[in-house]
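Chemist: Sharing a structure, written as structure tokens. Questions coming.
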Amino acid sequence: ILVRGAAYQTALLAVDALASRVVCYATDIRPNLSAAEPAWLAAARATRRPLLVQSLTIKRVLESLCDYPAHLIHVVPPVAFAPPDPMPDTPRATLCYSGKIDPDYGLNWLVDLCDSVKDLPKISIRLIAAKDSFRARHPDFFLHFDRFRARVAKGDLPGVTLASELPHAQARSLMAQADFAFGLRSQTYDDNAEISTKLLEFCAAGVPPIANDTALNRAFFGPDYPYLIALSKGDPLPRLREILSQGRD
């Protein structure tokens, strides 16, 4: 039973009849000595369960900081397949976001950017919204986002489209038609040691992501990649507008 998610992993590992069948997919491990060890990780180590991780970095973290047996940790890099649809030629620069509705995924900046699209006539923004499971955690943002969704539905934001809960194949087709991918996240993700699978899907479709200027992203995209934005330098919106106005080379 391949399991992702701390709550599911903890629950299944506590059931004797199931624990021996569990393989844990570890996607949220961070090298933080001050944080308490997740309960599922302690249970998995005690029962000698195999782990799947996305990078050699995370494997080394688990070995050195969590004393997890090296032979039980298997590195399986994330994979994205290129869609068959060719990217159409369009005179507008289209920025696409695809994923869950969460302000930590930069949606607060993206909503603010949508408000200024009327001043950028050659730019369009496409949002492909998935689950919004963090309403209780961010009530103010979701109140703002619901108003934004209503404005898009009424046509008050020309150049902005929002689709919800699309089948994955349809979402990937729309993603492939964009010129840029929106991949900015809040600074709480700056110490994340995993590459976003969603960004890999955009890359596989030939769509360059606009992402955080972090050591991980510089190592992945290259030190001269032009679409990284350093949040430490302040509001990212001016740089976003600049990239979109210049378009792709």
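Letters A, B, ... mark the chains of the structure tokens in the order given; residue numbers begin at 1 per chain; ligand numbers begin at 1, in order shown.
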Got a sec: who's within 12 Å of Val79 in chain A, counting only C-alpha atoms, leaving out chain neighbours fewer than 3 positions off, as an mmCIF file with N, CA and C atoms, in the first residue's frame?

Modeler:
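The resulting selection20.cif:
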data_model
loop_
_atom_site.group_PDB
_atom_site.id
_atom_site.type_symbol
_atom_site.label_atom_id
_atom_site.label_comp_id
_atom_site.auth_asym_id
_atom_site.auth_seq_id
_atom_site.Cartn_x
_atom_site.Cartn_y
_atom_site.Cartn_z
ATOM 1 N N GLN A 54 11.981 11.836 -3.211
ATOM 2 C CA GLN A 54 12.178 12.392 -4.544
ATOM 3 C C GLN A 54 13.617 12.787 -4.841
ATOM 4 N N VAL A 76 13.188 8.040 -5.968
ATOM 5 C CA VAL A 76 12.424 7.961 -7.218
ATOM 6 C C VAL A 76 12.125 9.395 -7.652
ATOM 7 N N ALA A 82 5.506 14.752 -21.444
ATOM 8 C CA ALA A 82 5.153 15.843 -22.351
ATOM 9 C C ALA A 82 3.807 15.564 -23.001
ATOM 10 N N ILE A 195 11.672 19.456 -5.645
ATOM 11 C CA ILE A 195 11.191 20.197 -6.799
ATOM 12 C C ILE A 195 9.702 19.914 -6.989
ATOM 13 N N SER A 196 8.934 20.968 -7.221
ATOM 14 C CA SER A 196 7.500 20.806 -7.433
ATOM 15 C C SER A 196 7.223 19.979 -8.691
ATOM 16 N N THR A 197 6.398 18.934 -8.544
ATOM 17 C CA THR A 197 6.020 18.124 -9.705
ATOM 18 C C THR A 197 5.241 18.957 -10.715
ATOM 19 N N LYS A 198 4.467 19.917 -10.221
ATOM 20 C CA LYS A 198 3.698 20.771 -11.136
ATOM 21 C C LYS A 198 4.639 21.581 -12.030
ATOM 22 N N LEU A 199 5.734 22.074 -11.463
ATOM 23 C CA LEU A 199 6.697 22.807 -12.292
ATOM 24 C C LEU A 199 7.323 21.881 -13.326
ATOM 25 N N LEU A 200 7.548 20.623 -12.951
ATOM 26 C CA LEU A 200 8.098 19.667 -13.920
ATOM 27 C C LEU A 200 7.114 19.425 -15.067
ATOM 28 N N GLU A 201 5.831 19.393 -14.765
ATOM 29 C CA GLU A 201 4.833 19.206 -15.815
ATOM 30 C C GLU A 201 4.856 20.383 -16.787
ATOM 31 N N PHE A 202 4.978 21.593 -16.260
ATOM 32 C CA PHE A 202 5.083 22.755 -17.138
ATOM 33 C C PHE A 202 6.351 22.671 -17.988
ATOM 34 N N CYS A 203 7.462 22.299 -17.371
ATOM 35 C CA CYS A 203 8.724 22.192 -18.121
ATOM 36 C C CYS A 203 8.607 21.151 -19.225
ATOM 37 N N ALA A 204 7.971 20.021 -18.913
ATOM 38 C CA ALA A 204 7.816 18.974 -19.915
ATOM 39 C C ALA A 204 6.966 19.445 -21.081
#

Chemist: Taking a cut-off of 9 Å and counting only C-alpha atoms, can you build a table that, for each residue of range 124-145 of chain A near range 162-168 of chain A, reports the nearest atom pair and how far apart they are in Å (one decimal), sorted by chain then residue number, as JSON lines?

Modeler:
{"residue": "A:Ile125", "atom": "CA", "partner": "A:Leu162", "partner_atom": "CA", "distance": 8.6}
{"residue": "A:Arg126", "atom": "CA", "partner": "A:Leu162", "partner_atom": "CA", "distance": 6.0}
{"residue": "A:Leu127", "atom": "CA", "partner": "A:Leu162", "partner_atom": "CA", "distance": 4.7}
{"residue": "A:Ile128", "atom": "CA", "partner": "A:Ala163", "partner_atom": "CA", "distance": 4.9}
{"residue": "A:Ala129", "atom": "CA", "partner": "A:Ser164", "partner_atom": "CA", "distance": 4.7}
{"residue": "A:Ala130", "atom": "CA", "partner": "A:Glu165", "partner_atom": "CA", "distance": 5.2}
{"residue": "A:Lys131", "atom": "CA", "partner": "A:Glu165", "partner_atom": "CA", "distance": 7.4}

Chemist: If you keep N, CA and C atoms, can you produce a file of those selected residues as a tab-separated table (two decimals), in the first residue's frame?

Modeler:
chain	number	residue	atom	x	y	z
A	125	ILE	N	-4.07	35.85	-18.09
A	125	ILE	CA	-3.76	34.99	-16.95
A	125	ILE	C	-4.81	33.89	-16.87
A	126	ARG	N	-4.34	32.66	-16.76
A	126	ARG	CA	-5.23	31.50	-16.69
A	126	ARG	C	-5.00	30.78	-15.37
A	127	LEU	N	-6.04	30.61	-14.59
A	127	LEU	CA	-5.95	29.87	-13.33
A	127	LEU	C	-6.71	28.55	-13.48
A	128	ILE	N	-6.04	27.47	-13.15
A	128	ILE	CA	-6.67	26.15	-13.13
A	128	ILE	C	-6.69	25.72	-11.67
A	129	ALA	N	-7.83	25.89	-11.05
A	129	ALA	CA	-7.93	25.74	-9.60
A	129	ALA	C	-8.27	24.30	-9.22
A	130	ALA	N	-7.51	23.77	-8.28
A	130	ALA	CA	-7.81	22.45	-7.73
A	130	ALA	C	-8.49	22.63	-6.38
A	131	LYS	N	-8.17	21.79	-5.44
A	131	LYS	CA	-8.85	21.81	-4.14
A	131	LYS	C	-8.52	23.08	-3.35

Chemist: Between A:Lys154, A:Arg172, A:Lys122, A:Arg30, which is the closest to Asn192 in chain A once you count only C-alpha atoms?

Modeler: A:Arg30

Chemist: Which residues, written as a list in words, have at least one atom at most 12 Å from Phe148 in chain A, with only C-alpha atoms counted and residues fewer than 6 positions away on the same chain left out?

Modeler: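 Once the nearby chain positions are removed, what remains is Leu107, Asn108, Leu110, Val111, Asp112, Leu113, Cys114, Asp115, Leu127, Phe141, Phe142, Lys154, Gly155, Asp156, Leu157, Val160, Thr161 and Leu162 of chain A.
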
Chemist: Using N, CA and C atoms, can you export the residues from the last selection as a PDB file, in the first residue's frame?

Modeler:
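Output below, filename result.pdb:
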ATOM      1  N   LEU A 107      -0.941  32.618  -4.356  1.00  0.00           N
ATOM      2  CA  LEU A 107      -2.202  33.033  -4.964  1.00  0.00           C
ATOM      3  C   LEU A 107      -2.581  34.458  -4.591  1.00  0.00           C
ATOM      4  N   ASN A 108      -2.105  34.948  -3.442  1.00  0.00           N
ATOM      5  CA  ASN A 108      -2.378  36.350  -3.086  1.00  0.00           C
ATOM      6  C   ASN A 108      -1.709  37.289  -4.093  1.00  0.00           C
ATOM      7  N   LEU A 110      -0.901  36.461  -7.198  1.00  0.00           N
ATOM      8  CA  LEU A 110      -1.508  36.240  -8.505  1.00  0.00           C
ATOM      9  C   LEU A 110      -2.848  36.970  -8.626  1.00  0.00           C
ATOM     10  N   VAL A 111      -3.638  36.954  -7.559  1.00  0.00           N
ATOM     11  CA  VAL A 111      -4.905  37.689  -7.578  1.00  0.00           C
ATOM     12  C   VAL A 111      -4.642  39.184  -7.742  1.00  0.00           C
ATOM     13  N   ASP A 112      -3.648  39.701  -7.029  1.00  0.00           N
ATOM     14  CA  ASP A 112      -3.298  41.122  -7.181  1.00  0.00           C
ATOM     15  C   ASP A 112      -2.836  41.418  -8.601  1.00  0.00           C
ATOM     16  N   LEU A 113      -2.083  40.497  -9.205  1.00  0.00           N
ATOM     17  CA  LEU A 113      -1.625  40.690 -10.578  1.00  0.00           C
ATOM     18  C   LEU A 113      -2.816  40.728 -11.534  1.00  0.00           C
ATOM     19  N   CYS A 114      -3.810  39.879 -11.292  1.00  0.00           N
ATOM     20  CA  CYS A 114      -4.999  39.859 -12.158  1.00  0.00           C
ATOM     21  C   CYS A 114      -5.716  41.208 -12.143  1.00  0.00           C
ATOM     22  N   ASP A 115      -5.664  41.899 -11.018  1.00  0.00           N
ATOM     23  CA  ASP A 115      -6.312  43.207 -10.930  1.00  0.00           C
ATOM     24  C   ASP A 115      -5.648  44.238 -11.835  1.00  0.00           C
ATOM     25  N   LEU A 127      -6.036  30.611 -14.586  1.00  0.00           N
ATOM     26  CA  LEU A 127      -5.948  29.867 -13.331  1.00  0.00           C
ATOM     27  C   LEU A 127      -6.710  28.554 -13.480  1.00  0.00           C
ATOM     28  N   PHE A 141      -8.128  35.355   3.282  1.00  0.00           N
ATOM     29  CA  PHE A 141      -7.738  35.172   1.888  1.00  0.00           C
ATOM     30  C   PHE A 141      -8.873  34.563   1.083  1.00  0.00           C
ATOM     31  N   PHE A 142      -9.544  33.557   1.622  1.00  0.00           N
ATOM     32  CA  PHE A 142     -10.593  32.899   0.853  1.00  0.00           C
ATOM     33  C   PHE A 142     -11.811  33.793   0.652  1.00  0.00           C
ATOM     34  N   LYS A 154     -18.197  37.175 -13.800  1.00  0.00           N
ATOM     35  CA  LYS A 154     -19.006  38.253 -14.377  1.00  0.00           C
ATOM     36  C   LYS A 154     -18.313  38.942 -15.547  1.00  0.00           C
ATOM     37  N   GLY A 155     -17.045  38.618 -15.781  1.00  0.00           N
ATOM     38  CA  GLY A 155     -16.319  39.251 -16.868  1.00  0.00           C
ATOM     39  C   GLY A 155     -15.741  40.593 -16.514  1.00  0.00           C
ATOM     40  N   ASP A 156     -15.588  40.864 -15.212  1.00  0.00           N
ATOM     41  CA  ASP A 156     -15.047  42.154 -14.775  1.00  0.00           C
ATOM     42  C   ASP A 156     -13.532  42.243 -14.939  1.00  0.00           C
ATOM     43  N   LEU A 157     -12.886  41.110 -15.219  1.00  0.00           N
ATOM     44  CA  LEU A 157     -11.432  41.099 -15.370  1.00  0.00           C
ATOM     45  C   LEU A 157     -11.084  40.528 -16.742  1.00  0.00           C
ATOM     46  N   VAL A 160      -8.562  37.435 -17.901  1.00  0.00           N
ATOM     47  CA  VAL A 160      -8.385  36.493 -16.803  1.00  0.00           C
ATOM     48  C   VAL A 160      -9.440  35.392 -16.911  1.00  0.00           C
ATOM     49  N   THR A 161      -9.010  34.131 -16.868  1.00  0.00           N
ATOM     50  CA  THR A 161      -9.943  33.002 -16.868  1.00  0.00           C
ATOM     51  C   THR A 161      -9.649  32.117 -15.670  1.00  0.00           C
ATOM     52  N   LEU A 162     -10.679  31.453 -15.164  1.00  0.00           N
ATOM     53  CA  LEU A 162     -10.528  30.572 -14.012  1.00  0.00           C
ATOM     54  C   LEU A 162     -11.368  29.321 -14.251  1.00  0.00           C
TER      55      LEU A 162
END

Chemist: So, counting only C-alpha atoms, which residue among A:Lys59, A:Arg48, A:Arg137, A:Arg248 is closest to His74 in chain A?

Modeler: A:Lys59

Chemist: If you run DSSP on the backbone, which residues of range 72-202 of chain A are alpha helix (DSSP H), as a ChimeraX atom specification?

Modeler: /A:107-115,139-154,168-176,197-202

Chemist: Record the distance separating CA of Ala211 in chain A and CA of Ile58 in chain A, expressed in Å with one decimal.

Modeler: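 Separation between CA of Ala211 in chain A and CA of Ile58 in chain A: 21.0 Å.
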
Chemist: What does the distance between CA of Asp235 in chain A and CA of Asp213 in chain A come to in Å, to one decimal place?

Modeler: 13.5 Å

Chemist: Please compute the CA of Cys96 in chain A-CA of Ile210 in chain A distance, one decimal, in Å.

Modeler: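 It comes out at 10.0 Å.
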
Chemist: Check the smallest atom-to-atom distance from each of A:Val53, A:Ala35, A:Ala6, A:Ala93 to Leu65 in chain A using only C-alpha atoms, then report the winner.

Modeler: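 Comparing A:Val53, A:Ala35, A:Ala6, A:Ala93 against Leu65 in chain A, the winner is A:Ala35.
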
Chemist: Could you tell me which of A:Ser116, A:Ser186, A:Ser20, A:Ser133 comes closest to Pro158 in chain A if we count only C-alpha atoms?

Modeler: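 That would be A:Ser116, the residue with the smallest distance to Pro158 in chain A.
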
Chemist: Let me make sure I understand: among A:Ser55, A:Thr27, A:Gln170, A:Thr10, which one has the smallest atom-to-atom distance to Phe220 in chain A if we use only C-alpha atoms?

Modeler: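 The shortest atom-to-atom distance to Phe220 in chain A comes from A:Ser55.
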